[in-house]
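Asks: Provided below: start_1.tsv, containing TSV, C-alpha atoms.
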chain	number	residue	atom	x	y	z
W	3	MET	CA	-18.06	-15.06	-20.81
W	4	THR	CA	-16.02	-17.47	-22.93
W	5	GLN	CA	-17.47	-15.91	-26.09
W	6	THR	CA	-16.25	-12.44	-25.22
W	7	PRO	CA	-13.77	-11.10	-27.77
W	8	HIS	CA	-11.85	-9.34	-25.00
W	9	LEU	CA	-11.29	-12.31	-22.69
W	10	GLY	CA	-7.51	-11.93	-23.01
W	11	PHE	CA	-7.67	-8.36	-21.67
W	12	ILE	CA	-9.84	-9.43	-18.71
W	13	VAL	CA	-7.56	-12.38	-17.83
W	14	ALA	CA	-4.45	-10.18	-18.18
W	15	ALA	CA	-5.96	-7.48	-15.93
W	16	TYR	CA	-6.94	-9.94	-13.18
W	17	GLY	CA	-3.65	-11.85	-13.53
W	18	LEU	CA	-1.46	-8.74	-13.27
W	19	ALA	CA	-3.50	-7.41	-10.34
W	20	ALA	CA	-3.17	-10.76	-8.54
W	21	LEU	CA	0.58	-10.89	-9.22
W	22	THR	CA	1.09	-7.33	-7.93
W	23	ILE	CA	-0.91	-8.05	-4.75
W	24	LEU	CA	0.97	-11.32	-4.25
W	25	ALA	CA	4.30	-9.50	-4.68
W	26	MET	CA	3.30	-6.95	-2.00
W	27	VAL	CA	2.19	-9.69	0.44
W	28	VAL	CA	5.34	-11.78	-0.12
W	29	ALA	CA	7.64	-8.73	0.16
W	30	ILE	CA	6.10	-7.70	3.50
W	31	PHE	CA	6.15	-11.29	4.82
W	32	LEU	CA	9.79	-11.89	3.83
W	33	ASP	CA	10.79	-8.53	5.31
W	34	TYR	CA	9.07	-9.55	8.58
W	35	ARG	CA	10.83	-12.92	8.65
W	36	GLU	CA	14.22	-11.33	8.00
W	37	LEU	CA	13.69	-8.68	10.70
W	38	ARG	CA	12.59	-11.28	13.24
W	39	ALA	CA	15.70	-13.35	12.52
W	40	LYS	CA	17.96	-10.29	12.92
W	41	LEU	CA	16.19	-9.31	16.14
W	42	ARG	CA	16.54	-12.82	17.58
W	43	ALA	CA	20.24	-12.85	16.69
W	44	LEU	CA	20.85	-9.43	18.26
W	45	GLU	CA	18.83	-10.19	21.40
W	46	GLY	CA	20.51	-13.59	21.72
W	47	ALA	CA	23.94	-12.03	21.37
W	48	ALA	CA	23.11	-9.30	23.89
W	49	THR	CA	21.77	-11.85	26.40
W	50	GLY	CA	24.81	-14.07	25.88
W	51	ALA	CA	27.12	-11.12	26.36
W	52	ALA	CA	25.32	-10.03	29.53
W	53	GLU	CA	25.58	-13.56	30.94
W	54	GLY	CA	29.24	-13.66	29.96
W	55	MET	CA	29.88	-10.43	31.85
W	56	GLU	CA	28.13	-11.74	34.96
W	57	THR	CA	30.28	-14.88	35.17
Q	14	MET	CA	-5.25	6.97	19.77
Q	15	TRP	CA	-2.24	8.39	21.62
Q	16	LYS	CA	-1.95	5.11	23.54
Q	17	LEU	CA	-1.28	3.43	20.20
Q	18	ALA	CA	1.77	5.65	19.83
Q	19	ASN	CA	3.47	3.21	22.16
Q	20	PRO	CA	5.05	0.65	19.77
Q	21	THR	CA	4.66	-2.20	22.28
Q	22	ILE	CA	0.92	-1.55	22.60
Q	23	PHE	CA	0.66	-1.19	18.81
Q	24	LEU	CA	2.45	-4.53	18.28
Q	25	ALA	CA	0.15	-6.25	20.78
Q	26	LEU	CA	-2.88	-4.77	19.01
Q	27	THR	CA	-1.70	-5.90	15.56
Q	28	ARG	CA	-1.10	-9.41	16.92
Q	29	ARG	CA	-4.75	-9.56	17.96
Q	30	VAL	CA	-6.30	-7.75	14.98
Q	31	LEU	CA	-4.27	-9.03	12.02
Q	32	PRO	CA	-5.64	-12.62	11.83
Q	33	TRP	CA	-9.23	-11.36	11.86
Q	34	LEU	CA	-8.50	-8.63	9.32
Q	35	ALA	CA	-6.76	-11.12	7.02
Q	36	LEU	CA	-9.69	-13.52	7.36
Q	37	ALA	CA	-12.21	-10.75	6.61
Q	38	THR	CA	-10.14	-9.70	3.56
Q	39	ALA	CA	-10.05	-13.24	2.19
Q	40	GLY	CA	-13.81	-13.66	2.75
Q	41	LEU	CA	-14.63	-10.33	1.12
Q	42	PHE	CA	-12.49	-11.19	-1.91
Q	43	VAL	CA	-14.22	-14.57	-2.32
Q	44	VAL	CA	-17.66	-12.92	-2.19
Q	45	GLY	CA	-16.56	-9.92	-4.28
Q	46	LEU	CA	-14.98	-12.02	-7.04
Q	47	TRP	CA	-17.97	-14.35	-7.12
Q	48	MET	CA	-20.35	-11.37	-7.43
Q	49	SER	CA	-18.11	-9.79	-10.09
Q	50	PHE	CA	-18.12	-12.85	-12.30
Q	51	ALA	CA	-21.83	-13.53	-11.72
Q	52	ALA	CA	-22.74	-9.94	-12.63
Q	53	PRO	CA	-24.37	-9.38	-16.03
Q	54	PRO	CA	-22.35	-7.82	-18.86
Q	55	ASP	CA	-22.68	-4.08	-19.44
Q	56	TYR	CA	-24.86	-3.09	-22.40
Q	57	GLN	CA	-21.97	-1.17	-23.99
Q	58	GLN	CA	-18.78	-2.68	-22.55
Q	59	GLY	CA	-19.92	-6.30	-22.50
Q	60	ASP	CA	-17.83	-8.53	-20.20
Q	61	THR	CA	-14.95	-6.06	-20.31
Q	62	VAL	CA	-16.79	-4.25	-17.49
Q	63	LYS	CA	-15.35	-6.95	-15.19
Q	64	ILE	CA	-12.00	-5.13	-15.37
Q	65	MET	CA	-13.76	-2.24	-13.59
Q	66	TYR	CA	-14.21	-4.40	-10.48
Q	67	ILE	CA	-10.45	-4.27	-9.90
Q	68	HIS	CA	-9.60	-1.01	-11.67
Q	69	VAL	CA	-12.01	1.24	-9.73
Q	70	PRO	CA	-11.13	-0.09	-6.21
Q	71	ALA	CA	-7.42	0.21	-7.06
Q	72	ALA	CA	-8.00	3.78	-8.28
Q	73	TRP	CA	-9.87	4.67	-5.07
Q	74	LEU	CA	-7.09	3.16	-2.97
Q	75	SER	CA	-4.36	4.98	-4.89
Q	76	THR	CA	-5.77	8.34	-3.74
Q	77	PHE	CA	-6.98	7.08	-0.34
Q	78	ILE	CA	-3.50	5.81	0.55
Q	79	TYR	CA	-1.97	9.14	-0.43
Q	80	GLY	CA	-4.55	10.81	1.83
Q	81	VAL	CA	-3.48	8.51	4.68
Q	82	MET	CA	0.16	9.41	3.99
Q	83	SER	CA	-0.68	13.13	4.00
Q	84	LEU	CA	-2.34	12.78	7.44
Q	85	ALA	CA	0.65	10.79	8.68
Q	86	SER	CA	2.93	13.55	7.34
Q	87	LEU	CA	1.02	16.08	9.43
Q	88	GLY	CA	1.50	13.73	12.37
Q	89	THR	CA	5.25	13.74	11.71
Q	90	LEU	CA	5.66	17.48	11.19
Q	91	VAL	CA	3.10	18.91	13.63
Q	92	TRP	CA	2.60	16.40	16.43
Q	93	ARG	CA	5.81	14.35	16.09
Q	94	HIS	CA	3.69	11.24	16.58
Q	95	PRO	CA	6.09	8.31	17.08
Q	96	LEU	CA	4.25	6.05	14.65
Q	97	ALA	CA	3.36	8.69	12.05
Q	98	ASP	CA	6.54	8.40	9.99
Q	99	ALA	CA	6.41	4.59	10.27
Q	100	ALA	CA	2.84	4.69	8.91
Q	101	GLN	CA	3.87	7.07	6.13
Q	102	LYS	CA	6.90	5.01	5.12
Q	103	ALA	CA	4.95	1.73	5.25
Q	104	ALA	CA	2.13	3.08	3.06
Q	105	ALA	CA	4.28	4.34	0.14
Q	106	PRO	CA	5.08	0.95	-1.49
Q	107	LEU	CA	1.46	-0.12	-1.04
Q	108	GLY	CA	0.27	3.09	-2.69
Q	109	ALA	CA	2.68	2.49	-5.56
Q	110	GLY	CA	1.41	-1.09	-5.91
Q	111	PHE	CA	-2.28	-0.17	-6.04
Q	112	THR	CA	-1.62	2.78	-8.38
Q	113	PHE	CA	0.29	0.39	-10.65
Q	114	ILE	CA	-2.74	-1.96	-10.66
Q	115	CYS	CA	-4.98	1.03	-11.45
Q	116	LEU	CA	-2.81	2.16	-14.39
Q	117	VAL	CA	-2.30	-1.33	-15.85
Q	118	THR	CA	-5.93	-2.46	-15.57
Q	119	GLY	CA	-7.11	0.91	-16.93
Q	120	SER	CA	-4.77	0.47	-19.86
Q	121	LEU	CA	-6.01	-3.08	-20.48
Q	122	TRP	CA	-9.60	-1.79	-20.39
Q	123	GLY	CA	-8.76	1.17	-22.64
Q	124	LYS	CA	-7.43	-0.87	-25.55
Q	125	PRO	CA	-10.67	-2.73	-26.34
Q	126	MET	CA	-12.96	0.16	-25.29
Q	127	TRP	CA	-11.13	3.28	-26.51
Q	128	GLY	CA	-8.91	1.63	-29.09
Q	129	THR	CA	-5.72	2.66	-27.30
Q	130	TYR	CA	-3.75	1.61	-24.22
Q	131	TRP	CA	-2.87	5.17	-23.26
Q	132	VAL	CA	-3.78	8.80	-23.90
Q	133	TRP	CA	-2.20	11.83	-22.26
Q	134	ASP	CA	-5.50	13.14	-20.91
Q	135	ALA	CA	-5.74	14.91	-17.56
Q	136	ARG	CA	-7.01	11.95	-15.47
Q	137	LEU	CA	-4.52	9.40	-16.77
Q	138	THR	CA	-1.60	11.82	-16.60
Q	139	SER	CA	-2.41	13.01	-13.05
Q	140	VAL	CA	-2.61	9.37	-11.85
Q	141	LEU	CA	0.73	8.68	-13.55
Q	142	VAL	CA	2.14	11.69	-11.65
Q	143	LEU	CA	0.78	10.12	-8.43
Q	144	PHE	CA	2.57	6.85	-9.26
Q	145	ILE	CA	5.83	8.76	-9.85
Q	146	LEU	CA	5.30	10.59	-6.53
Q	147	TYR	CA	5.02	7.25	-4.72
Q	148	LEU	CA	8.23	6.02	-6.37
Q	149	GLY	CA	9.95	9.31	-5.50
Q	150	LEU	CA	8.92	8.98	-1.85
Q	151	ILE	CA	10.23	5.40	-1.68
Q	152	ALA	CA	13.52	6.58	-3.21
Q	153	LEU	CA	13.70	9.52	-0.78
Q	154	TRP	CA	13.26	7.24	2.25
Q	155	ARG	CA	16.06	5.02	0.97
Q	156	SER	CA	18.45	7.84	0.10
Q	157	ILE	CA	18.63	9.50	3.55
Q	158	ASP	CA	20.36	7.51	6.28
Q	159	ASP	CA	19.05	9.41	9.30
Q	160	PRO	CA	15.43	8.22	9.88
Q	161	GLY	CA	14.37	11.55	11.45
Q	162	SER	CA	15.64	13.63	8.52
Q	163	ALA	CA	14.18	11.13	6.02
Q	164	ALA	CA	10.78	11.29	7.76
Q	165	ARG	CA	10.69	15.12	7.68
Q	166	ALA	CA	11.81	15.31	4.02
Q	167	ALA	CA	9.29	12.63	3.00
Q	168	ALA	CA	6.53	14.39	4.96
Q	169	ILE	CA	7.20	17.71	3.19
Q	170	LEU	CA	7.29	16.04	-0.24
Q	171	THR	CA	4.09	14.14	0.57
Q	172	LEU	CA	2.25	17.33	1.55
Q	173	VAL	CA	3.50	19.17	-1.56
Q	174	GLY	CA	2.40	16.24	-3.72
Q	175	ALA	CA	-1.04	16.23	-2.10
Q	176	VAL	CA	-1.98	18.99	-4.55
Q	177	ASP	CA	-2.29	16.17	-7.10
Q	178	LEU	CA	-5.29	14.64	-5.25
Q	179	PRO	CA	-7.88	17.34	-6.13
Q	180	ILE	CA	-6.40	17.48	-9.65
Q	181	ILE	CA	-7.05	13.73	-10.04
Q	182	LYS	CA	-10.56	14.03	-8.60
Q	183	PHE	CA	-11.69	17.04	-10.64
Q	184	SER	CA	-9.59	16.47	-13.79
Q	185	VAL	CA	-12.60	14.95	-15.56
Q	186	GLU	CA	-14.63	18.11	-14.85
Q	187	TRP	CA	-11.94	20.78	-15.34
Q	188	TRP	CA	-10.66	19.44	-18.66
Q	189	ASN	CA	-12.12	17.66	-21.65
Q	190	THR	CA	-10.89	14.12	-21.01
Q	191	LEU	CA	-11.36	10.76	-22.69
Q	192	HIS	CA	-11.77	9.29	-19.20
Q	193	GLN	CA	-15.43	9.23	-18.16
Q	194	PRO	CA	-16.66	11.45	-15.29
Q	195	ALA	CA	-17.53	10.11	-11.82
Q	196	SER	CA	-20.34	7.56	-11.85
Q	197	VAL	CA	-20.49	6.36	-8.21
Q	198	PHE	CA	-19.79	9.29	-5.85
Q	199	ARG	CA	-22.10	11.93	-7.32
Q	200	MET	CA	-24.39	14.49	-5.73
Q	201	ASP	CA	-27.36	12.97	-7.57
Q	202	GLY	CA	-26.42	9.36	-6.71
Q	203	PRO	CA	-24.65	6.61	-8.66
Q	204	THR	CA	-25.45	6.22	-12.35
Q	205	ILE	CA	-24.52	2.53	-12.39
Q	206	ALA	CA	-27.16	-0.22	-12.37
Q	207	PRO	CA	-27.39	-1.95	-8.93
Q	208	GLU	CA	-26.42	-5.34	-10.50
Q	209	LEU	CA	-23.05	-3.81	-11.43
Q	210	LEU	CA	-22.74	-1.45	-8.46
Q	211	TRP	CA	-22.94	-4.06	-5.65
Q	212	PRO	CA	-20.01	-6.21	-6.84
Q	213	LEU	CA	-18.02	-3.00	-7.26
Q	214	LEU	CA	-18.74	-1.88	-3.68
Q	215	VAL	CA	-17.90	-5.31	-2.21
Q	216	MET	CA	-14.62	-5.37	-4.16
Q	217	ALA	CA	-13.87	-1.83	-2.97
Q	218	ILE	CA	-14.33	-2.94	0.67
Q	219	ALA	CA	-12.19	-6.05	-0.01
Q	220	PHE	CA	-9.38	-3.90	-1.46
Q	221	THR	CA	-9.63	-1.50	1.50
Q	222	THR	CA	-9.38	-4.28	4.11
Q	223	LEU	CA	-6.47	-5.73	2.12
Q	224	PHE	CA	-4.72	-2.37	2.35
Q	225	LEU	CA	-5.44	-2.11	6.10
Q	226	THR	CA	-4.04	-5.62	6.65
Q	227	LEU	CA	-0.89	-4.98	4.63
Q	228	HIS	CA	-0.42	-1.54	6.15
Q	229	LEU	CA	-0.57	-2.89	9.70
Q	230	MET	CA	1.92	-5.62	8.74
Q	231	ALA	CA	4.25	-3.07	7.13
Q	232	ILE	CA	4.06	-0.70	10.14
Q	233	ARG	CA	4.91	-3.65	12.38
Q	234	ASN	CA	7.95	-4.28	10.16
Q	235	GLU	CA	9.03	-0.64	10.54
Q	236	ILE	CA	8.83	-0.91	14.33
Q	237	LEU	CA	10.93	-4.08	14.25
Q	238	ARG	CA	13.41	-2.37	11.87
Q	239	ARG	CA	13.87	0.41	14.43
Q	240	ARG	CA	14.48	-2.13	17.18
Q	241	VAL	CA	17.07	-3.85	14.99
Q	242	ALA	CA	18.75	-0.50	14.29
Q	243	ARG	CA	18.73	0.42	17.98
Q	244	LEU	CA	20.15	-2.94	19.09
Q	245	THR	CA	22.75	-2.78	16.31
Q	246	MET	CA	23.88	0.64	17.55
Q	247	ILE	CA	24.03	-0.58	21.16
Q	248	ALA	CA	25.96	-3.64	20.03
Q	249	ALA	CA	28.33	-1.46	18.01
Q	250	ALA	CA	28.83	0.90	20.96
Q	251	GLU	CA	29.50	-1.98	23.31
Q	252	GLY	CA	31.37	-3.94	20.66
Q	253	ASP	CA	34.76	-3.43	22.23
Q	254	ALA	CA	33.58	-4.46	25.67
Q	255	LEU	CA	31.59	-7.44	24.45
Q	256	GLY	CA	34.28	-8.76	22.18
Q	257	PRO	CA	34.04	-10.03	18.60
Q	258	ARG	CA	31.03	-12.26	19.45
Q	259	LEU	CA	28.50	-9.55	18.51
Q	260	THR	CA	30.03	-7.73	15.61
Q	261	PRO	CA	30.04	-10.44	12.91
Q	262	ARG	CA	26.33	-11.18	13.44
Q	263	VAL	CA	25.47	-7.49	13.42
Q	264	ALA	CA	27.57	-6.90	10.34
Q	265	GLN	CA	25.44	-9.44	8.44
Q	266	SER	CA	22.37	-7.35	9.12
Show how you would write the structure in this file as structure tokens.

Replies:
Amino acid sequence: MTQTPHLGFIVAAYGLAALTILAMVVAIFLDYRELRAKLRALEGAATGAAEGMET
Amino acid sequence: MWKLANPTIFLALTRRVLPWLALATAGLFVVGLWMSFAAPPDYQQGDTVKIMYIHVPAAWLSTFIYGVMSLASLGTLVWRHPLADAAQKAAAPLGAGFTFICLVTGSLWGKPMWGTYWVWDARLTSVLVLFILYLGLIALWRSIDDPGSAARAAAILTLVGAVDLPIIKFSVEWWNTLHQPASVFRMDGPTIAPELLWPLLVMAIAFTTLFLTLHLMAIRNEILRRRVARLTMIAAAEGDALGPRLTPRVAQS
């Protein structure tokens, strides 16, 4: 394997594929985290407002 | 199937399934990569054949994902399935990602094997068209504010673009291409030696479970995005009654 003249192409292919997959995973995870935070804020605000109206 | 149309049931299902699917994906990749690097070199390509273990699964997924999106588009246009447009929207960036991997790894294989990174032959060009279609669909979703209108427009474009799938599949038979013809899914069986075929199949399953995992996660995000949008609209409508407490936090979103 180390004697292959095309090792650079193989490493580049696996590296770029790994980076692309990692980018997709991270993008989806960060999107999820951001949405959860927004949802918590909105639900918290709505609950707080409802409690405020009751009192 | 129709029960899953209920977002709450779908979210509960993904909560249960996702950890197992992610674990299976990781395990399959460990086994697949180990098999790929332990596999013998090809008699013509040498060790460069190892690029095929990521290029071919990515190529399969690039068309498979578009097929999934086409079915979801039918779900949007014909059955108005509540999760169909979420599934379609969530799949487009993943399709673009795997098609990008397919194009880049194919190019990196082509240079040492063909002597060039790129040729405008029918297979390569039709896959590039598929990549552009994915990017166009992502742009379309982002350019229309109303989710219902965006879903219908994206569904129509997806179904029109589906004509590219048979062109990709049969391009190597219809035209004289530099790209080799099919060597796995053939009427007379695969033409690849089993020592090279098995790692390829395991990697293909690993890539497919990876897509399923990411797709479920992305659909879950779309459901949450709709909840955020709905709550934001309710908050905006009730903004006057509720006072300024809500609006600044909503405005940040």

Asks: Please identify every residue of chain W that has at least one atom no more than 8 Å from any atom of chain Q, counting only C-alpha atoms, and report them as a ChimeraX atom specification.

Replies: /W:3,6,8-9,11-12,14-16,18-19,22-23,26-27,30,33-34,37-38,40-41,43-45,47-48,51

Asks: Between Q:Leu141, Q:Leu90, Q:Ala97, Q:Leu191, which has the minimum distance to Q:Leu178 (counting only C-alpha atoms)?

Replies: Q:Leu141

Asks: Give as a PyMOL selection string each residue that has an atom at most 6 Å from (-3.7, 17.9, -14.2) in the file, counting all atoms listed in the file.

Replies: chain Q and resi 135+139+180

Asks: Go ahead and compute the interatomic distance for atom CA of Q:Leu148 and atom CA of Q:Ala164, in Å to one decimal.

Replies: 15.3 Å

Asks: Report, in Å with one decimal, the straight-line distance from atom CA of Q:Leu214 to atom CA of Q:Trp133.

Replies: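 Separation of atom CA of Q:Leu214 and atom CA of Q:Trp133: 28.4 Å.
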
Asks: Could you work out an axis-aligned box for stretch 206-225 of chain Q, taking every atom the file lists and adding 3 Å on each side, and report centre and edge lengths in Å to one decimal, as AutoDock Vina command-line options?

Replies:
--center_x -16.1 --center_y -3.2 --center_z -3.1 --size_x 28.7 --size_y 12.0 --size_z 24.5

Asks: For atom CA of Q:Arg243 and atom CA of Q:Asp159, quote the distance in Å rounded to one decimal.

Replies: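 Distance reported for this atom pair: 12.5 Å.
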